[in-house]
file model-v8.txt (compact mmCIF, C-alpha atoms and all ligand atoms)
# COMPACT_ATOMS: atom_id res chain seq x y z
CA MET A 1 105.72 66.83 -2.28
CA GLU A 2 105.28 63.68 -4.35
CA GLN A 3 101.57 62.86 -4.67
CA SER A 4 101.05 59.11 -4.64
CA ILE A 5 97.42 58.93 -3.56
CA ARG A 6 95.26 60.46 -6.22
CA PRO A 7 91.48 59.79 -6.06
CA ARG A 8 91.17 61.68 -9.34
CA ARG A 9 92.73 58.69 -11.15
CA LEU A 10 89.40 56.90 -11.10
CA ARG A 11 87.49 59.95 -12.31
CA ARG A 12 89.32 60.39 -15.59
CA THR A 13 86.85 58.93 -18.07
CA PRO A 14 83.10 58.33 -18.17
CA SER A 15 83.68 54.58 -18.40
CA LEU A 16 85.97 54.52 -15.36
CA ARG A 17 83.56 56.67 -13.37
CA LYS A 18 80.75 54.28 -14.18
CA MET A 19 82.84 51.27 -13.20
CA VAL A 20 83.38 52.57 -9.69
CA ARG A 21 79.87 53.88 -9.06
CA GLU A 22 78.71 52.85 -5.62
CA THR A 23 75.02 53.40 -6.23
CA ARG A 24 73.15 51.49 -8.91
CA LEU A 25 69.59 52.24 -9.91
CA SER A 26 67.05 50.23 -11.80
CA PRO A 27 63.64 51.24 -13.18
CA GLU A 28 62.30 48.22 -11.25
CA SER A 29 62.97 50.14 -8.03
CA LEU A 30 60.77 53.08 -8.99
CA ILE A 31 57.11 53.54 -8.11
CA TRP A 32 55.02 56.26 -9.76
CA PRO A 33 52.12 57.82 -7.79
CA ILE A 34 49.01 58.46 -9.88
CA PHE A 35 45.63 60.05 -9.13
CA VAL A 36 42.40 58.46 -10.29
CA ARG A 37 39.27 60.57 -10.20
CA GLU A 38 35.59 59.76 -10.50
CA GLY A 39 34.13 60.61 -13.90
CA GLN A 40 34.69 59.97 -17.58
CA GLY A 41 37.05 61.39 -20.14
CA ILE A 42 39.08 63.22 -17.51
CA TYR A 43 42.76 63.74 -18.26
CA GLU A 44 43.71 67.00 -16.57
CA GLU A 45 47.02 68.36 -15.48
CA ILE A 46 47.20 68.97 -11.73
CA PRO A 47 48.00 72.66 -11.12
CA SER A 48 50.03 72.00 -7.96
CA LEU A 49 51.98 69.15 -9.62
CA PRO A 50 52.92 70.22 -13.15
CA GLY A 51 53.41 67.20 -15.40
CA GLN A 52 51.11 65.00 -13.26
CA TYR A 53 47.47 64.32 -14.13
CA HIS A 54 44.08 63.39 -12.81
CA TYR A 55 42.77 60.40 -14.73
CA SER A 56 39.25 59.06 -14.76
CA PRO A 57 39.29 55.24 -14.88
CA ASP A 58 38.69 55.16 -18.64
CA GLN A 59 41.76 57.38 -19.18
CA LEU A 60 44.19 55.33 -17.12
CA TYR A 61 45.50 53.75 -20.31
CA ARG A 62 47.40 57.03 -20.76
CA ALA A 63 49.24 56.55 -17.47
CA LEU A 64 50.03 52.95 -18.35
CA ASP A 65 51.28 53.90 -21.80
CA ARG A 66 53.50 56.58 -20.30
CA ALA A 67 54.89 54.30 -17.62
CA LYS A 68 55.55 51.41 -19.96
CA ALA A 69 57.19 53.64 -22.58
CA SER A 70 59.71 54.74 -19.98
CA GLY A 71 60.17 51.35 -18.32
CA VAL A 72 58.23 51.94 -15.10
CA SER A 73 56.29 48.87 -14.04
CA LYS A 74 54.68 49.92 -10.74
CA VAL A 75 52.24 52.60 -9.66
CA ILE A 76 50.77 53.61 -6.34
CA LEU A 77 47.18 54.66 -6.73
CA PHE A 78 45.41 57.54 -4.97
CA GLY A 79 41.69 58.17 -5.35
CA LEU A 80 39.50 61.25 -5.54
CA PRO A 81 35.91 60.24 -4.79
CA GLU A 82 32.82 62.17 -5.90
CA HIS A 83 31.30 62.18 -2.41
CA LYS A 84 32.81 62.25 1.05
CA ASP A 85 31.22 61.51 4.40
CA GLU A 86 32.05 61.58 8.09
CA ILE A 87 33.45 58.02 8.16
CA GLY A 88 35.00 57.92 4.69
CA SER A 89 32.84 55.04 3.47
CA GLY A 90 33.95 55.65 -0.13
CA ALA A 91 37.33 54.22 0.83
CA TRP A 92 36.10 50.64 1.05
CA ALA A 93 33.15 50.75 -1.38
CA THR A 94 33.23 47.90 -3.89
CA ASP A 95 32.73 50.44 -6.67
CA GLY A 96 34.89 53.09 -4.98
CA ILE A 97 37.21 55.12 -7.13
CA VAL A 98 40.43 53.29 -6.25
CA GLN A 99 38.67 49.94 -6.70
CA GLN A 100 37.49 51.10 -10.16
CA GLY A 101 41.00 52.29 -10.94
CA ILE A 102 42.57 48.95 -10.01
CA ARG A 103 40.10 47.08 -12.19
CA ALA A 104 40.67 49.44 -15.10
CA ILE A 105 44.45 48.95 -14.94
CA LYS A 106 44.16 45.19 -14.54
CA ALA A 107 41.79 45.03 -17.52
CA LEU A 108 44.43 46.81 -19.61
CA ASP A 109 47.32 44.73 -18.32
CA PRO A 110 47.00 42.13 -15.57
CA GLU A 111 50.79 42.07 -15.14
CA PHE A 112 51.14 45.77 -14.35
CA TYR A 113 51.90 46.09 -10.63
CA VAL A 114 49.33 48.12 -8.69
CA ILE A 115 49.97 49.32 -5.15
CA THR A 116 47.26 51.22 -3.30
CA ASP A 117 47.52 53.92 -0.68
CA VAL A 118 45.30 52.92 2.23
CA CYS A 119 44.03 55.98 4.07
CA MET A 120 40.81 57.77 4.89
CA CYS A 121 41.73 61.43 4.34
CA GLU A 122 40.60 61.61 0.71
CA TYR A 123 37.23 60.11 1.70
CA THR A 124 36.27 61.86 4.94
CA SER A 125 34.32 65.12 4.88
CA HIS A 126 36.65 66.49 7.58
CA GLY A 127 39.83 65.40 5.77
CA HIS A 128 41.38 63.57 8.71
CA CYS A 129 42.91 60.13 8.28
CA GLY A 130 40.33 58.21 10.33
CA ILE A 131 37.15 58.12 12.36
CA LEU A 132 36.75 61.15 14.60
CA CYS A 133 35.91 61.12 18.27
CA GLY A 134 35.38 64.79 19.07
CA HIS A 135 38.27 66.54 17.38
CA ASP A 136 40.65 63.61 17.66
CA VAL A 137 41.06 60.56 15.43
CA ASP A 138 39.98 57.39 17.27
CA ASN A 139 42.80 54.92 16.71
CA ASP A 140 41.03 51.60 17.23
CA LYS A 141 37.83 52.47 15.38
CA THR A 142 39.99 53.59 12.47
CA LEU A 143 41.80 50.23 12.37
CA GLU A 144 38.55 48.54 11.40
CA VAL A 145 37.90 50.81 8.43
CA LEU A 146 41.52 50.69 7.31
CA ALA A 147 41.41 46.89 7.32
CA LYS A 148 38.14 46.93 5.35
CA THR A 149 39.65 49.35 2.87
CA ALA A 150 42.80 47.28 2.37
CA LEU A 151 40.68 44.16 1.87
CA SER A 152 38.48 45.89 -0.71
CA HIS A 153 41.61 46.91 -2.62
CA ALA A 154 42.92 43.34 -2.61
CA GLN A 155 39.53 42.06 -3.73
CA ALA A 156 39.59 44.53 -6.62
CA GLY A 157 42.99 43.14 -7.65
CA ALA A 158 45.60 45.29 -5.90
CA ASP A 159 49.02 43.61 -5.78
CA MET A 160 50.22 45.43 -2.64
CA VAL A 161 48.68 47.75 -0.05
CA ALA A 162 50.39 50.71 1.59
CA PRO A 163 48.75 52.13 4.73
CA SER A 164 49.62 55.82 5.16
CA ASP A 165 47.38 56.78 8.08
CA MET A 166 49.87 56.35 10.97
CA MET A 167 47.40 54.69 13.35
CA ASP A 168 48.98 52.35 15.90
CA GLY A 169 48.50 48.69 15.06
CA ARG A 170 47.25 49.12 11.49
CA VAL A 171 49.76 46.75 9.92
CA GLU A 172 48.67 43.91 12.19
CA ALA A 173 44.98 44.70 11.66
CA ILE A 174 45.38 44.73 7.88
CA ARG A 175 47.57 41.61 7.80
CA GLU A 176 44.99 39.70 9.82
CA VAL A 177 42.08 40.60 7.55
CA LEU A 178 44.06 39.93 4.36
CA ASP A 179 45.20 36.53 5.62
CA GLU A 180 41.71 35.51 6.75
CA SER A 181 40.38 36.33 3.30
CA GLY A 182 42.93 34.41 1.27
CA PHE A 183 45.25 37.30 0.45
CA GLN A 184 48.32 35.91 2.22
CA ASN A 185 50.43 36.87 -0.78
CA VAL A 186 49.52 40.55 -0.84
CA PRO A 187 52.45 42.40 0.77
CA ILE A 188 52.09 45.41 3.04
CA MET A 189 54.38 48.36 2.45
CA SER A 190 53.89 50.42 5.57
CA TYR A 191 54.43 54.14 5.70
CA ALA A 192 56.36 53.27 8.86
CA ALA A 193 57.88 56.65 9.63
CA LYS A 194 55.63 59.29 8.17
CA TYR A 195 56.13 62.82 9.39
CA ALA A 196 53.60 65.63 9.85
CA SER A 197 55.31 67.38 6.97
CA PHE A 198 54.76 70.70 5.23
CA PHE A 199 56.08 69.02 2.10
CA TYR A 200 52.67 67.39 1.45
CA GLY A 201 51.06 70.71 0.44
CA PRO A 202 50.82 70.11 -3.34
CA PHE A 203 49.48 66.58 -2.78
CA ARG A 204 46.68 67.83 -0.58
CA ASP A 205 45.62 70.21 -3.34
CA ALA A 206 45.88 67.39 -5.88
CA ALA A 207 43.94 64.90 -3.75
CA GLY A 208 41.57 67.35 -2.06
CA SER A 209 42.60 65.90 1.29
CA ALA A 210 43.59 68.85 3.48
CA PRO A 211 42.08 68.59 6.97
CA SER A 212 39.16 70.99 7.44
CA PHE A 213 40.33 71.83 10.97
CA GLY A 214 43.52 71.33 12.94
CA ASP A 215 46.43 69.34 11.56
CA ARG A 216 47.76 65.78 11.54
CA ARG A 217 50.25 66.13 14.38
CA SER A 218 48.40 63.80 16.73
CA TYR A 219 49.06 60.89 14.38
CA GLN A 220 51.87 61.76 11.96
CA MET A 221 55.34 62.15 13.48
CA ASP A 222 57.07 65.21 14.89
CA TRP A 223 60.02 66.06 12.68
CA HIS A 224 62.24 66.74 15.65
CA ASN A 225 62.38 63.01 16.31
CA GLY A 226 64.59 60.38 14.72
CA ARG A 227 64.79 57.61 17.30
CA GLU A 228 61.01 57.47 17.37
CA ALA A 229 61.12 56.65 13.66
CA MET A 230 63.17 53.54 14.44
CA ARG A 231 60.59 52.55 17.03
CA GLU A 232 57.80 52.96 14.46
CA CYS A 233 59.78 50.82 12.01
CA GLU A 234 60.41 48.16 14.62
CA LEU A 235 56.73 47.93 15.52
CA ASP A 236 55.79 47.54 11.87
CA VAL A 237 58.36 44.77 11.46
CA LEU A 238 56.82 42.97 14.44
CA GLU A 239 53.31 43.48 13.06
CA GLY A 240 54.27 41.86 9.78
CA ALA A 241 55.14 44.66 7.37
CA ASP A 242 56.98 43.51 4.23
CA ILE A 243 58.52 46.84 3.26
CA LEU A 244 59.25 49.85 5.49
CA MET A 245 58.78 53.33 4.10
CA ILE A 246 60.29 56.62 5.24
CA LYS A 247 58.42 59.75 4.16
CA PRO A 248 59.29 62.42 3.04
CA ALA A 249 62.67 61.50 1.55
CA MET A 250 65.06 64.39 0.99
CA SER A 251 64.92 65.98 4.44
CA TYR A 252 64.89 62.55 6.10
CA LEU A 253 67.90 60.82 4.55
CA ASP A 254 69.39 60.26 8.01
CA LEU A 255 66.43 58.01 8.76
CA VAL A 256 66.58 56.21 5.43
CA HIS A 257 70.21 55.45 6.22
CA GLU A 258 69.56 54.34 9.77
CA ALA A 259 66.56 52.19 8.86
CA LYS A 260 68.69 50.46 6.23
CA GLN A 261 71.37 49.66 8.81
CA ARG A 262 68.95 48.43 11.44
CA PHE A 263 66.30 46.45 9.60
CA ASP A 264 66.48 43.57 7.19
CA LEU A 265 63.37 44.52 5.23
CA PRO A 266 63.51 46.48 1.98
CA ILE A 267 63.47 50.22 2.65
CA ALA A 268 61.33 52.52 0.55
CA ALA A 269 61.53 56.31 0.52
CA TYR A 270 58.72 58.56 -0.71
CA SER A 271 59.95 61.71 -2.38
CA VAL A 272 56.78 63.68 -1.80
CA SER A 273 54.83 66.29 -3.70
CA GLY A 274 56.60 69.28 -2.15
CA GLU A 275 60.00 67.89 -3.14
CA TYR A 276 58.79 67.48 -6.72
CA ALA A 277 57.05 70.86 -6.84
CA MET A 278 60.14 72.66 -5.50
CA ILE A 279 62.32 71.23 -8.26
CA LYS A 280 59.70 72.04 -10.90
CA ALA A 281 59.17 75.62 -9.71
CA THR A 282 62.84 76.41 -9.22
CA ALA A 283 63.68 75.06 -12.64
CA LYS A 284 60.82 77.01 -14.20
CA ALA A 285 62.25 80.16 -12.63
CA GLY A 286 65.50 79.38 -14.43
CA LEU A 287 67.45 78.86 -11.22
CA ILE A 288 68.41 75.19 -11.51
CA ASP A 289 68.74 72.51 -14.16
CA GLU A 290 65.63 70.34 -13.66
CA TYR A 291 67.05 67.17 -15.15
CA GLY A 292 70.29 67.40 -13.21
CA VAL A 293 68.68 68.16 -9.88
CA MET A 294 66.12 65.40 -10.40
CA CYS A 295 68.90 62.89 -11.07
CA GLU A 296 71.11 64.03 -8.21
CA SER A 297 68.25 64.02 -5.69
CA ALA A 298 67.11 60.53 -6.65
CA VAL A 299 70.63 59.12 -6.50
CA SER A 300 71.16 60.68 -3.07
CA ILE A 301 68.09 58.86 -1.75
CA PHE A 302 69.40 55.52 -3.03
CA ARG A 303 72.90 56.33 -1.77
CA ALA A 304 71.42 56.91 1.70
CA GLY A 305 70.12 53.35 1.62
CA ALA A 306 66.73 53.27 -0.08
CA ASP A 307 65.95 50.13 -2.07
CA ILE A 308 62.78 51.59 -3.53
CA LEU A 309 61.86 55.15 -4.47
CA ILE A 310 58.33 56.45 -4.84
CA THR A 311 58.52 59.59 -6.95
CA TYR A 312 56.51 61.75 -9.33
CA PHE A 313 59.66 61.77 -11.49
CA ALA A 314 59.56 57.97 -11.91
CA ASN A 315 59.21 58.05 -15.70
CA GLU A 316 61.86 60.70 -16.25
CA LEU A 317 64.23 58.83 -13.92
CA ALA A 318 63.66 55.52 -15.66
CA GLU A 319 64.61 57.26 -18.90
CA ALA A 320 67.70 58.76 -17.29
CA ILE A 321 68.73 55.29 -16.12
CA ARG A 322 68.17 53.87 -19.58
CA LYS A 323 70.28 56.62 -21.13
CA GLY A 324 73.04 55.85 -18.65
CA ASP A 325 73.01 59.32 -17.08
CA ILE A 326 72.47 57.69 -13.69
CA GLY A 327 72.65 54.19 -12.33
C1 LIG B 1 47.43 60.21 2.68
C2 LIG B 1 48.70 60.56 2.03
C3 LIG B 1 49.35 61.80 1.94
C4 LIG B 1 50.46 61.61 1.14
C5 LIG B 1 50.50 60.27 0.79
N1 LIG B 1 49.41 59.63 1.38
C6 LIG B 1 48.97 63.13 2.46
C7 LIG B 1 48.96 63.41 3.90
O1 LIG B 1 49.31 62.59 4.74
O2 LIG B 1 48.54 64.51 4.22
C8 LIG B 1 51.43 62.68 0.71
C9 LIG B 1 52.14 62.42 -0.57
C10 LIG B 1 52.83 63.59 -1.17
O3 LIG B 1 52.91 64.71 -0.61
O4 LIG B 1 53.34 63.42 -2.28
N2 LIG B 1 47.41 60.28 4.05

call {"tool": "encode", "arguments": {"input": "model-v8.txt", "output": "C-alpha cells", "more": "lines below"}}
Ligand code: PBG
result
Amino acid sequence: MEQSIRPRRLRRTPSLRKMVRETRLSPESLIWPIFVREGQGIYEEIPSLPGQYHYSPDQLYRALDRAKASGVSKVILFGLPEHKDEIGSGAWATDGIVQQGIRAIKALDPEFYVITDVCMCEYTSHGHCGILCGHDVDNDKTLEVLAKTALSHAQAGADMVAPSDMMDGRVEAIREVLDESGFQNVPIMSYAAKYASFFYGPFRDAAGSAPSFGDRRSYQMDWHNGREAMRECELDVLEGADILMIKPAMSYLDLVHEAKQRFDLPIAAYSVSGEYAMIKATAKAGLIDEYGVMCESAVSIFRAGADILITYFANELAEAIRKGDIG
C-alpha cells in the first residue's frame, strides 16, 4: 500500500520537532515553593525533600540567588514558626515567620515576586487548618483568622496570597479584608480544588504540619470526585479569585484540563511534595532518569491546560527551558 499520510515527516529533525511543538513553557510560568524557618544562620536540607532547604530569614538570599540564577522570578512562601497554639496566632503575627520572610526577600529585591500560602496548619498545636470546635474545624470562625493572616501578609509586602485551607467562603472573606485595607491590587490564587491527598506526606514532614489527630477529609476534597472540583472552582470565581489552582497535579490532570475548558481565569497546578519525592527517590534507586522524568511530567501538566506550575523542580525546569530541552 502506498503511504501518503506520514506523521513521522514532522519528527525528522530537532528543529522541525520544535517548530510543531504544541506546548510552550516559560520560566515566568513557574513558581518555586520555599520554607522559611524561625532562627538565624539556618540553611538545612529537608530530609523528606532532597534538594530543598529550610532557610532562616537571614539565609533567604541563598534561595533568591538560586532562583535568579536559573531564571525563576516567583516563590510561594511557607513558614515554620517557633511556637504553635490552639488558634494558630503565629499565622497573622506582625513579626510572624512568613511576615519576616517576606520582608527579608523584599529587602534583598523589591521586584522579586512573593506569593504566600495562607493556612493555619503550620501554626496550630493540633495541626488542623483552622479553629477547632470539638474535633471539627469551625468554618466561619476560621474565615476570620484566614482573612487576618492574608492581610498581615499583604501588609508585610506579599504580592499575592494563596489560601490553601479549603474553608467555604474564604476567597470572599479575604478579598473583602484586602480591599477594605487598600490592597485591591493583591491577587488571590485560590487552592480551588485541593484534595485530601496522600501526596502531601513529605511536605507535612518539611513543614511540621501533620494533624495530631484525624485527617483533613472534612475540608479537603474526596479524590473520587471530579464534578465537585468544578463546583469549587466556580464558587471561587464568583467570590473573586484571580487564579484557580488544582492540587495535586499529576494524578489530577483530568481536572486541570476541564478547569481550563470551563473557566476563563488562569489555571495553576501544584505538583506537590509527594510527586517530587517520588521522582527523586526512584531516580536515586537508579530506576528512572530524573531529568527526563522531571521534564516530561512538567510538560504533561502544561499540555493538560495549566498556565502556571508550582513545583519544587522550578529551578531545574527553568534551566531545561533555557537549554531548549523543553518548551
Ligand atoms: C497547607 C498546605 C499543604 C500543602 C500546601 N499547603 C499541606 C496540607 O494541606 O496538608 C501541600 C504541599 C505539598 O505537598 O507540596 N495546608

call {"tool": "residues_near_ligand", "arguments": {"input": "model-v8.txt", "ligand": "ligand LIG 1 (chain B)", "cutoff": "9 Å", "atoms": "only C-alpha atoms and all ligand atoms", "output": "count of residues only"}}
result
46

call {"tool": "residues_around", "arguments": {"input": "model-v8.txt", "residues": "Ala192 in chain A", "least_positions_apart": "2", "cutoff": "9 Å", "atoms": "all atoms listed in the file", "output": "ChimeraX atom specification"}}
result
/A:163-164,166,189-190,194,229-230,232-236,241,243-247

call {"tool": "closest_residue", "arguments": {"input": "model-v8.txt", "among": "A:Val36, A:Ile31, A:Leu143, A:Leu255", "to": "Gly226 in chain A", "atoms": "all atoms listed in the file"}}
result
A:Leu255

call {"tool": "residues_near_point", "arguments": {"input": "model-v8.txt", "point": "(42.0, 70.8, 23.4)", "cutoff": "12 Å", "atoms": "all atoms listed in the file", "output": "PyMOL selection string"}}
result
chain A and resi 134-136+214+218

call {"tool": "closest_residue", "arguments": {"input": "model-v8.txt", "among": "A:Ala173, A:Ala277, A:Ala318, A:Ala259", "to": "Ala206 in chain A", "atoms": "all atoms listed in the file"}}
result
A:Ala277
